[in-house]
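Visitor: This is the structure I want to talk about, given as structure tokens.
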Amino acid sequence: PATRCCRPKEHFFRVKHRIVGKEPKKMSRYDGAITVFSPDGHLFQVEYAMEAVRKGTLAVGVCGSDCVVLGVEKKSTAKLQDPRTMRKIQTVDDKICVAFAGLTADARILINRARTEAQSHKLTLEDNVSVEYMSRYIGGVQQKYTQSGGVRPFGLSTLIAGLSPEGKPQLFHTDPSGTYSEWQANATGRNSKVVREWLERHYAIASGHDVVKLALRALLELVEPASKNIEIAIVAEDGLSILSSDAIDSLITEVEGEKVEVEKVKKETVRLQAKRALAAAAASSGLE
């Protein structure tokens, strides 16, 4: 009779994978479901959604004394594609607009829900929705998709710009976790940390044309200076306006010219300082 092997099954499992060359990888038990926390308190699906935001195109918002400016980096479109169908700045109400970074398809669904809520608010209360209310609503929708089974978080972050009922310019930011907060100036998307640090150094309360130039200068830190790469919207008391390509090109020319002048002044200042230092050194050597 055939002899029966008494070796345990684990032995053959180990031998099999030793032949392959490595042990099978263990899948994480915490990144497959949105409702499961990891032992260190992370929701990995939310963090993955934030990573999708960090890979999205750059969006910048700047709040002035009389207006709010949103600027976004536009992706290059195909030659036969209509660029109007790929806008990164969308209107929600007469004086509220949204710029986003992340998945465009998710943004379309979220913004449509925001528009429906704005119209429902106006129909029920006979008053336009406020920027804070709309930011709270969008953040609430995003948060609901972080604690329900069978869904995934929205893979986008938004900058919501508009005017308060008192006419004060306001800028809000939401992220995939559902958190919303008000800002004077902010950026989201690709390399947003670099642009946010630049805004912290250069931001000052301004109005009108100066606010637009500040937002454009922040964009130009990372974006190629051309109207085909940039989209700018202004929310003011007289409503929402989106700058044309010609207007953006003229603004870029103005900003680049100012940058050249600043560089000239810096070089001249350095030259004068060096000249004074040489003169002081010559005078001291002459006295000796």
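The chains in the structure tokens are called A, B, ... from first to last as shown; in each chain the residues are counted from 1, and the ligands are counted from 1 in the order shown.
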May I have a table of the residues of stretch 110-227 of chain A lying at most 9 Å from stretch 33-52 of chain A, giving each one's closest pair of atoms and their distance in Å to one decimal, counting only C-alpha atoms, ordered by chain and ascending residue number, as a Markdown table?

Guide:
| residue | atom | partner | partner_atom | distance |
| --- | --- | --- | --- | --- |
| A:Tyr145 | CA | A:Ile34 | CA | 8.6 |
| A:Thr146 | CA | A:Ile34 | CA | 6.2 |
| A:Gln147 | CA | A:Thr35 | CA | 5.3 |
| A:Ser148 | CA | A:Thr35 | CA | 6.5 |
| A:Gly149 | CA | A:Thr35 | CA | 6.4 |
| A:Gly150 | CA | A:Ile34 | CA | 8.2 |
| A:Val151 | CA | A:Ile34 | CA | 7.7 |
| A:Arg152 | CA | A:Ile34 | CA | 6.7 |
| A:Pro153 | CA | A:Val46 | CA | 6.2 |
| A:Phe154 | CA | A:Ala49 | CA | 6.8 |
| A:Gly155 | CA | A:Ala49 | CA | 4.7 |
| A:Leu156 | CA | A:Ala52 | CA | 7.1 |
| A:Ser157 | CA | A:Met50 | CA | 7.9 |
| A:Asp175 | CA | A:Met50 | CA | 7.4 |
| A:Pro176 | CA | A:Met50 | CA | 6.3 |
| A:Ser177 | CA | A:Val46 | CA | 6.2 |
| A:Gly189 | CA | A:Ala52 | CA | 8.6 |

Visitor: Could you dump the residues just selected with C-alpha atoms as a short mmCIF file (atom, residue, chain, number, x, y, z; two decimals), in the first residue's frame?

Guide:
data_model
loop_
_atom_site.label_atom_id
_atom_site.label_comp_id
_atom_site.auth_asym_id
_atom_site.auth_seq_id
_atom_site.Cartn_x
_atom_site.Cartn_y
_atom_site.Cartn_z
CA TYR A 145 -19.84 60.01 1.94
CA THR A 146 -17.14 59.23 4.51
CA GLN A 147 -19.30 57.19 6.92
CA SER A 148 -21.70 55.19 4.75
CA GLY A 149 -21.13 51.69 3.45
CA GLY A 150 -21.13 51.06 -0.27
CA VAL A 151 -19.95 54.56 -1.24
CA ARG A 152 -16.62 56.34 -1.55
CA PRO A 153 -15.57 59.90 -0.65
CA PHE A 154 -15.74 62.69 -3.21
CA GLY A 155 -12.29 63.02 -4.72
CA LEU A 156 -12.21 66.80 -4.82
CA SER A 157 -11.60 69.90 -2.76
CA ASP A 175 -11.97 69.01 1.57
CA PRO A 176 -12.98 65.34 1.04
CA SER A 177 -13.41 64.78 4.78
CA GLY A 189 -4.56 71.09 -5.82
#

Visitor: Mind listing the alpha helix (DSSP H) residues of stretch 104-241 of chain A, per DSSP on the backbone, as number ranges by chain?

Guide: A: 104-125, 131-144, 192-202, 209-219

Visitor: Could you save the residues just selected, with C-alpha atoms, as a short mmCIF file (atom, residue, chain, number, x, y, z; two decimals), in the first residue's frame?

Guide:
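Written file, out.cif:
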data_model
loop_
_atom_site.label_atom_id
_atom_site.label_comp_id
_atom_site.auth_asym_id
_atom_site.auth_seq_id
_atom_site.Cartn_x
_atom_site.Cartn_y
_atom_site.Cartn_z
CA THR A 104 -14.11 66.51 -12.56
CA ALA A 105 -16.88 63.89 -12.66
CA ASP A 106 -17.26 64.02 -8.87
CA ALA A 107 -17.31 67.82 -9.02
CA ARG A 108 -20.16 67.80 -11.54
CA ILE A 109 -22.35 65.70 -9.23
CA LEU A 110 -21.50 67.75 -6.13
CA ILE A 111 -22.03 71.12 -7.82
CA ASN A 112 -25.36 70.03 -9.31
CA ARG A 113 -26.55 69.09 -5.83
CA ALA A 114 -25.38 72.47 -4.55
CA ARG A 115 -27.31 74.25 -7.31
CA THR A 116 -30.46 72.29 -6.46
CA GLU A 117 -30.09 73.24 -2.79
CA ALA A 118 -29.57 76.91 -3.70
CA GLN A 119 -32.74 76.96 -5.79
CA SER A 120 -34.70 75.13 -3.09
CA HIS A 121 -33.50 77.66 -0.49
CA LYS A 122 -34.54 80.57 -2.69
CA LEU A 123 -37.95 79.02 -3.44
CA THR A 124 -38.64 78.26 0.23
CA LEU A 125 -37.28 81.39 1.93
CA VAL A 131 -21.85 81.62 1.02
CA GLU A 132 -21.50 80.14 4.51
CA TYR A 133 -24.72 78.14 4.15
CA MET A 134 -23.61 76.76 0.80
CA SER A 135 -20.16 75.87 2.16
CA ARG A 136 -21.77 74.11 5.12
CA TYR A 137 -24.07 72.20 2.78
CA ILE A 138 -21.26 71.09 0.43
CA GLY A 139 -19.11 70.07 3.41
CA GLY A 140 -22.05 68.12 4.83
CA VAL A 141 -22.57 66.20 1.60
CA GLN A 142 -18.86 65.36 1.44
CA GLN A 143 -18.89 64.22 5.07
CA LYS A 144 -21.88 61.89 4.51
CA SER A 192 -0.90 74.01 -3.15
CA LYS A 193 1.36 74.15 -0.10
CA VAL A 194 3.97 76.15 -2.04
CA VAL A 195 1.37 78.61 -3.31
CA ARG A 196 -0.23 78.94 0.15
CA GLU A 197 3.15 79.81 1.66
CA TRP A 198 3.67 82.38 -1.11
CA LEU A 199 0.27 83.91 -0.34
CA GLU A 200 1.11 84.08 3.37
CA ARG A 201 4.17 86.18 2.51
CA HIS A 202 2.55 88.48 -0.05
CA HIS A 209 -7.62 95.17 -10.03
CA ASP A 210 -4.96 94.58 -7.36
CA VAL A 211 -6.79 91.49 -6.04
CA VAL A 212 -6.91 90.02 -9.55
CA LYS A 213 -3.18 90.62 -10.02
CA LEU A 214 -2.38 89.00 -6.67
CA ALA A 215 -4.33 85.86 -7.61
CA LEU A 216 -2.64 85.78 -11.01
CA ARG A 217 0.83 86.19 -9.51
CA ALA A 218 0.11 83.26 -7.17
CA LEU A 219 -0.91 81.11 -10.14
#

Visitor: Quick one: pick out all strand (DSSP E or B) residues within stretch 140-245 of chain A from a backbone DSSP run and write them as an MDAnalysis selection string.

Guide: chainID A and resid 156:163 169:174 180:183 185:188 230:236 239:242

Visitor: Take the selection from the previous step and output its residues with N, CA, C and O atoms, as a tab-separated table (two decimals), in the first residue's frame.

Guide:
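Wrote selection36.tsv, looks like this:
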chain	number	residue	atom	x	y	z
A	156	LEU	N	-12.48	65.42	-4.45
A	156	LEU	CA	-12.21	66.80	-4.82
A	156	LEU	C	-12.25	67.70	-3.61
A	156	LEU	O	-12.85	67.38	-2.58
A	157	SER	N	-11.58	68.83	-3.75
A	157	SER	CA	-11.60	69.90	-2.76
A	157	SER	C	-12.09	71.16	-3.46
A	157	SER	O	-11.82	71.38	-4.64
A	158	THR	N	-12.85	72.01	-2.74
A	158	THR	CA	-13.47	73.16	-3.38
A	158	THR	C	-13.04	74.47	-2.72
A	158	THR	O	-12.72	74.51	-1.53
A	159	LEU	N	-13.04	75.52	-3.52
A	159	LEU	CA	-12.94	76.90	-3.05
A	159	LEU	C	-14.23	77.59	-3.45
A	159	LEU	O	-14.56	77.68	-4.63
A	160	ILE	N	-14.98	78.06	-2.46
A	160	ILE	CA	-16.30	78.65	-2.67
A	160	ILE	C	-16.21	80.14	-2.42
A	160	ILE	O	-15.84	80.58	-1.32
A	161	ALA	N	-16.53	80.93	-3.42
A	161	ALA	CA	-16.39	82.39	-3.33
A	161	ALA	C	-17.75	83.05	-3.53
A	161	ALA	O	-18.57	82.59	-4.33
A	162	GLY	N	-17.96	84.15	-2.82
A	162	GLY	CA	-19.20	84.89	-2.97
A	162	GLY	C	-19.26	86.06	-2.01
A	162	GLY	O	-18.27	86.40	-1.35
A	163	LEU	N	-20.43	86.68	-1.93
A	163	LEU	CA	-20.66	87.82	-1.05
A	163	LEU	C	-21.69	87.45	0.00
A	163	LEU	O	-22.68	86.77	-0.29
A	169	PRO	N	-17.14	90.28	0.96
A	169	PRO	CA	-16.57	89.15	0.21
A	169	PRO	C	-16.14	88.02	1.15
A	169	PRO	O	-15.57	88.27	2.22
A	170	GLN	N	-16.44	86.79	0.75
A	170	GLN	CA	-16.10	85.63	1.57
A	170	GLN	C	-15.53	84.52	0.69
A	170	GLN	O	-15.92	84.36	-0.47
A	171	LEU	N	-14.59	83.77	1.29
A	171	LEU	CA	-13.96	82.65	0.61
A	171	LEU	C	-13.90	81.47	1.57
A	171	LEU	O	-13.38	81.59	2.68
A	172	PHE	N	-14.47	80.32	1.15
A	172	PHE	CA	-14.49	79.11	1.98
A	172	PHE	C	-13.79	77.98	1.24
A	172	PHE	O	-13.74	77.95	0.01
A	173	HIS	N	-13.27	77.05	2.04
A	173	HIS	CA	-12.57	75.88	1.51
A	173	HIS	C	-13.18	74.63	2.12
A	173	HIS	O	-13.44	74.58	3.33
A	174	THR	N	-13.43	73.60	1.30
A	174	THR	CA	-13.87	72.29	1.80
A	174	THR	C	-12.93	71.23	1.26
A	174	THR	O	-12.33	71.40	0.20
A	180	TYR	N	-15.04	72.34	6.47
A	180	TYR	CA	-15.09	73.61	5.74
A	180	TYR	C	-14.60	74.72	6.66
A	180	TYR	O	-14.79	74.68	7.87
A	181	SER	N	-13.96	75.72	6.07
A	181	SER	CA	-13.40	76.83	6.84
A	181	SER	C	-13.29	78.06	5.96
A	181	SER	O	-13.22	77.95	4.73
A	182	GLU	N	-13.29	79.23	6.59
A	182	GLU	CA	-13.20	80.50	5.86
A	182	GLU	C	-11.76	80.98	5.80
A	182	GLU	O	-11.00	80.82	6.78
A	183	TRP	N	-11.39	81.58	4.68
A	183	TRP	CA	-10.01	82.02	4.44
A	183	TRP	C	-10.00	83.42	3.83
A	183	TRP	O	-10.97	83.83	3.18
A	185	ALA	N	-7.18	84.00	1.86
A	185	ALA	CA	-6.58	83.53	0.60
A	185	ALA	C	-6.17	82.09	0.81
A	185	ALA	O	-5.70	81.72	1.89
A	186	ASN	N	-6.34	81.27	-0.22
A	186	ASN	CA	-6.01	79.86	-0.07
A	186	ASN	C	-5.77	79.25	-1.45
A	186	ASN	O	-6.10	79.85	-2.48
A	187	ALA	N	-5.19	78.05	-1.44
A	187	ALA	CA	-4.93	77.32	-2.68
A	187	ALA	C	-5.18	75.85	-2.42
A	187	ALA	O	-5.03	75.37	-1.29
A	188	THR	N	-5.56	75.13	-3.47
A	188	THR	CA	-5.76	73.69	-3.37
A	188	THR	C	-5.35	73.06	-4.68
A	188	THR	O	-5.34	73.71	-5.73
A	230	ILE	N	-4.87	79.34	-17.98
A	230	ILE	CA	-5.39	80.03	-16.80
A	230	ILE	C	-6.84	80.44	-17.04
A	230	ILE	O	-7.21	80.87	-18.14
A	231	GLU	N	-7.63	80.31	-15.98
A	231	GLU	CA	-9.02	80.79	-15.99
A	231	GLU	C	-9.24	81.59	-14.71
A	231	GLU	O	-8.85	81.16	-13.62
A	232	ILE	N	-9.85	82.77	-14.84
A	232	ILE	CA	-10.05	83.66	-13.69
A	232	ILE	C	-11.49	84.14	-13.65
A	232	ILE	O	-12.05	84.53	-14.68
A	233	ALA	N	-12.08	84.10	-12.45
A	233	ALA	CA	-13.44	84.59	-12.23
A	233	ALA	C	-13.43	85.59	-11.09
A	233	ALA	O	-12.67	85.44	-10.11
A	234	ILE	N	-14.26	86.62	-11.20
A	234	ILE	CA	-14.36	87.68	-10.19
A	234	ILE	C	-15.80	87.75	-9.71
A	234	ILE	O	-16.73	87.85	-10.52
A	235	VAL	N	-15.98	87.69	-8.40
A	235	VAL	CA	-17.30	87.85	-7.79
A	235	VAL	C	-17.31	89.19	-7.06
A	235	VAL	O	-16.55	89.38	-6.11
A	236	ALA	N	-18.15	90.11	-7.52
A	236	ALA	CA	-18.25	91.44	-6.92
A	236	ALA	C	-19.72	91.79	-6.71
A	236	ALA	O	-20.61	90.97	-6.95
A	239	GLY	N	-22.11	91.23	-9.55
A	239	GLY	CA	-22.29	89.87	-10.03
A	239	GLY	C	-20.99	89.16	-10.36
A	239	GLY	O	-19.90	89.59	-9.96
A	240	LEU	N	-21.12	88.07	-11.07
A	240	LEU	CA	-19.98	87.22	-11.43
A	240	LEU	C	-19.52	87.51	-12.84
A	240	LEU	O	-20.34	87.65	-13.76
A	241	SER	N	-18.21	87.60	-13.02
A	241	SER	CA	-17.65	87.81	-14.35
A	241	SER	C	-16.42	86.92	-14.52
A	241	SER	O	-15.63	86.77	-13.59
A	242	ILE	N	-16.31	86.32	-15.70
A	242	ILE	CA	-15.16	85.48	-16.04
A	242	ILE	C	-14.35	86.20	-17.10
A	242	ILE	O	-14.89	86.62	-18.14

Visitor: To one decimal place in Å, what is the distance between atom CA of A:Val223 and atom CA of A:Val72?

Guide: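 Atom CA of A:Val72 lies 9.4 Å from atom CA of A:Val223.
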
Visitor: Ranking A:Lys95, A:Arg276, A:Lys55, A:Lys75 by minimum distance to A:Ser227 and counting only C-alpha atoms, which one comes first?

Guide: A:Lys75

Visitor: Please report the interatomic distance between atom CA of A:Glu254 and atom CA of A:Asp66 in Å with one decimal.

Guide: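 The value is 21.7 Å.
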